[in-house]
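Undergrad: My structure is below; once you've seen it, I'll send some questions.
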Amino acid sequence: MRSRRTLIGSCLLTASLLLTACGSGGDQSGPVTMTFQSLSDQPAAIEATNKIVEAWNQQHPDARVEVVPAGWDGVYDKLITQFNSGSAPDIVHYEAAGIVPFAKDGYLADLTPHLSEAKRADIPKGVLDSVTADGKVIGYPTEMQSYVVFANKTLLQQAGVEIPTGPTMSWEQLREIAKATTKDGTYGLGWGLKSPTAAFVALAPGFGGQYFQGSGEATTAQIGQGEMALPELVGQMAFQDKSILPVTLTQTGANALAPFYAGQVAMTVQGSFQAANIAKDAPAGLDWIVLPPLAGPAGPAQAANPQTLSVNVDSEHVEQAAQFIEFFTSTENLVALNEADALIPPTTSARNALAEKLGAQNGWDAILATGEHLTSAPYLFADKYAQWKDTVATPAYQRFLAQQTDSAGLAKELTDGWQNITR
């Protein structure tokens, strides 16, 4: 991506770009229209988003917002093109890991002056840190995902397992339950690890793993005990205990739901958003539950990579766009959006309100509990993380899970790969 400093002179003030013009000096005394490129792709979430925008427009006729539907596929490259051509929307929907490079290249407005004190106090520090770069708030968090364990309650009871009910569950408990429920053709666990990097990196903080130190070009990879603990545990469960259904190690998370529905596995580790799909698609009679948040030696921490709303620094209406984002992330609106998307609100007030509304329905109590332990992750600020993830880490983890390399070989591949792409 080129720095915006080399592109200012190429901005084209054409009629098609007036809504997102390159300059910031337009006449703002009359009614304005701001474009909001929304990536929501689930029907319920699209409906919730549109309702929020409609409510804003009714209350703010002089600062209307126009939703521009988009999708998650290819959005990073699309945003590069939009920012480079001066056609980016006023309000940018993305995720924390993706917006940092755009912020560092000067494309996103500093929202620090616009973040209300009430909102700042309502966002846990670790989550706020995930959207803060170089001391500037570069986006408001809107929705978050965690990893949770879905379980077939009937299979656990038939195996004589004491179902965990505490505030957290250790990984050793998970391992023991998986062993106990592996019998008579049934496996204890199914885990779709076709693309394992996201899960391993997100869950590493529970083992004290960070993966990276520093930020930007000065970032260095650190692959030690904390980073290797979870891959090694998965390897032990899969190949020593033989408690993980082997085929799931090469499947996507969505595909790994099929053996869970069929009673072929007693548990499955999934993104928390799958609760909505399980509630909709699980066969009648499947008595499923969500187990307590997983905790490693360092606790139940997971890395947060929230969805975000940012403002194009070249928008003519930065202040109004920031006011819209404040409105969008009200407690009431975050509850509606996250319930629709089966995700976790980033504010304490919205999590509490959603917990009160839904209770234990479809495992929401356990899912929302994981939101209390989400924290910032160094990989969010590593410039080459996306490249390392796709070209180094994922194939290295896949080889490890296929028993084509051992732990020492995996750690070396991860470390050497980072050094090679950052030379």
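Ordered as shown in the structure tokens, chains take letters A, B, and onward, while each chain numbers its residues from 1 and ligands are numbered from 1 in the order shown.
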Do you know which residues are at most 8 Å from Thr415 of chain A counting only C-alpha atoms, after dropping those on the same chain fewer than 4 positions away, and could you put them as a PyMOL selection string?

TA: chain A and resi 221-223+411+419

Undergrad: Please produce an output containing N, CA and C atoms for each residue in the selection, written as a PDB file, in the first residue's frame.

TA:
```
ATOM      1  N   ALA A 221       9.183 -11.773  15.865  1.00  0.00           N
ATOM      2  CA  ALA A 221       8.406 -12.960  16.228  1.00  0.00           C
ATOM      3  C   ALA A 221       9.021 -13.621  17.447  1.00  0.00           C
ATOM      4  N   GLN A 222       8.155 -14.097  18.337  1.00  0.00           N
ATOM      5  CA  GLN A 222       8.611 -14.796  19.539  1.00  0.00           C
ATOM      6  C   GLN A 222       7.799 -16.078  19.666  1.00  0.00           C
ATOM      7  N   ILE A 223       8.418 -17.197  19.329  1.00  0.00           N
ATOM      8  CA  ILE A 223       7.727 -18.482  19.355  1.00  0.00           C
ATOM      9  C   ILE A 223       8.361 -19.335  20.453  1.00  0.00           C
ATOM     10  N   ALA A 411       8.199 -24.581  15.353  1.00  0.00           N
ATOM     11  CA  ALA A 411       8.666 -23.318  15.931  1.00  0.00           C
ATOM     12  C   ALA A 411       9.697 -22.657  15.027  1.00  0.00           C
ATOM     13  N   GLN A 419      11.144 -13.894   9.852  1.00  0.00           N
ATOM     14  CA  GLN A 419      12.384 -13.184   9.518  1.00  0.00           C
ATOM     15  C   GLN A 419      12.541 -13.021   8.014  1.00  0.00           C
TER      16      GLN A 419
END
```

Undergrad: Excluding Tyr140 of chain A and its own-chain neighbours fewer than 2 positions away, which residues fall within 8 Å of it when counting only C-alpha atoms? Please give them as a PyMOL selection string.

TA: chain A and resi 131+137-138+142+308-310+325+329

Undergrad: What's the 8 Å shell around Ser130 of chain A, counting only C-alpha atoms, without same-chain residues fewer than 6 positions away, as a ChimeraX atom specification?

TA: /A:96,304-306,375-377,380

Undergrad: From the set A:Gln213, A:Ala262, A:Phe207, A:Gly224, which residue has the shortest atom-to-atom contact distance to Gly190 of chain A, counting only C-alpha atoms?

TA: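 Of A:Gln213, A:Ala262, A:Phe207, A:Gly224, the one nearest Gly190 of chain A, counting only C-alpha atoms, is A:Ala262.
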
Undergrad: Taking only segment 202-343 of chain A into account, list the residues labelled strand (DSSP E) by DSSP (computed from the backbone), as a list in words.

TA: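 Of segment 202-343 of chain A, the ones in strand (DSSP E) are Tyr211, Phe212, Gln213, Thr220, Ala221, Gln222, Val265, Ala266, Met267, Thr268, Val269, Gln270, Gly271, Trp288, Ile289, Val290, Leu294, Ala295, Gln302, Ala303, Gln307, Thr308, Leu309, Ser310 and Val311 of chain A.
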
Undergrad: I need the helix (DSSP H, G or I) residues of segment 20-219 of chain A per DSSP on the backbone, written as a PyMOL selection string.

TA: chain A and resi 20+43-59+75-85+96-104+112-114+117-122+125-130+153-158+171-180+197-207

Undergrad: From the list A:Asn277, A:Gln225, A:Gln173, A:Ser87, which residue is nearest Pro293 of chain A when using only C-alpha atoms?

TA: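 For Pro293 of chain A, the nearest of the given residues is A:Gln173.
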
Undergrad: Between atom CA of Trp288 of chain A and atom CA of Gly160 of chain A, what is the distance in Å, rounded to a tenth?

TA: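 Spanning atom CA of Trp288 of chain A to atom CA of Gly160 of chain A is a straight-line distance of 16.3 Å.
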
Undergrad: Find the residues around segment 296-301 of chain A up to 12 Å (only C-alpha atoms counted), leave out those fewer than 2 positions away in its own chain, and share them as a PyMOL selection string.

TA: chain A and resi 126-127+146-148+167-174+201-210+225-227+229-230+233+292-294+303-304+369-377

Undergrad: Can I get the selected residues back with C-alpha atoms, as a short mmCIF file (atom, residue, chain, number, x, y, z; two decimals), in the first residue's frame?

TA:
```
data_model
loop_
_atom_site.label_atom_id
_atom_site.label_comp_id
_atom_site.auth_asym_id
_atom_site.auth_seq_id
_atom_site.Cartn_x
_atom_site.Cartn_y
_atom_site.Cartn_z
CA GLY A 126 -7.93 -4.64 26.20
CA VAL A 127 -10.62 -4.08 23.58
CA SER A 146 -14.48 -15.74 20.81
CA TYR A 147 -13.78 -19.48 20.65
CA VAL A 148 -16.04 -21.69 22.73
CA PRO A 167 -16.80 -19.62 35.64
CA THR A 168 -14.09 -21.26 33.51
CA MET A 169 -12.97 -24.68 32.33
CA SER A 170 -9.33 -25.68 31.99
CA TRP A 171 -7.84 -27.15 28.84
CA GLU A 172 -6.93 -30.21 30.90
CA GLN A 173 -10.61 -30.64 31.74
CA LEU A 174 -11.40 -30.47 28.05
CA VAL A 201 -3.06 -17.05 17.83
CA ALA A 202 -6.34 -15.95 19.40
CA LEU A 203 -6.18 -18.57 22.17
CA ALA A 204 -2.45 -18.19 22.90
CA PRO A 205 -2.86 -15.47 25.59
CA GLY A 206 -4.42 -18.11 27.86
CA PHE A 207 -1.03 -19.84 27.82
CA GLY A 208 0.96 -16.62 28.06
CA GLY A 209 1.65 -16.64 24.32
CA GLN A 210 2.01 -13.36 22.45
CA GLN A 225 6.47 -22.21 25.30
CA GLY A 226 3.39 -19.99 25.46
CA GLU A 227 2.97 -20.00 21.70
CA ALA A 229 1.47 -24.94 24.17
CA LEU A 230 -1.85 -25.15 22.30
CA LEU A 233 -1.87 -29.98 23.19
CA PRO A 292 -17.59 -22.45 30.32
CA PRO A 293 -14.78 -20.31 28.84
CA LEU A 294 -11.54 -22.18 28.31
CA ALA A 303 -7.08 -12.08 21.71
CA ALA A 304 -9.74 -9.66 20.52
CA ALA A 369 -18.72 -14.62 29.69
CA THR A 370 -15.82 -15.01 27.25
CA GLY A 371 -16.24 -11.34 26.36
CA GLU A 372 -14.99 -10.41 29.80
CA HIS A 373 -11.59 -11.92 28.98
CA LEU A 374 -10.91 -10.56 25.49
CA THR A 375 -7.72 -8.56 25.29
CA SER A 376 -5.55 -6.79 22.75
CA ALA A 377 -3.06 -8.85 20.78
#
```
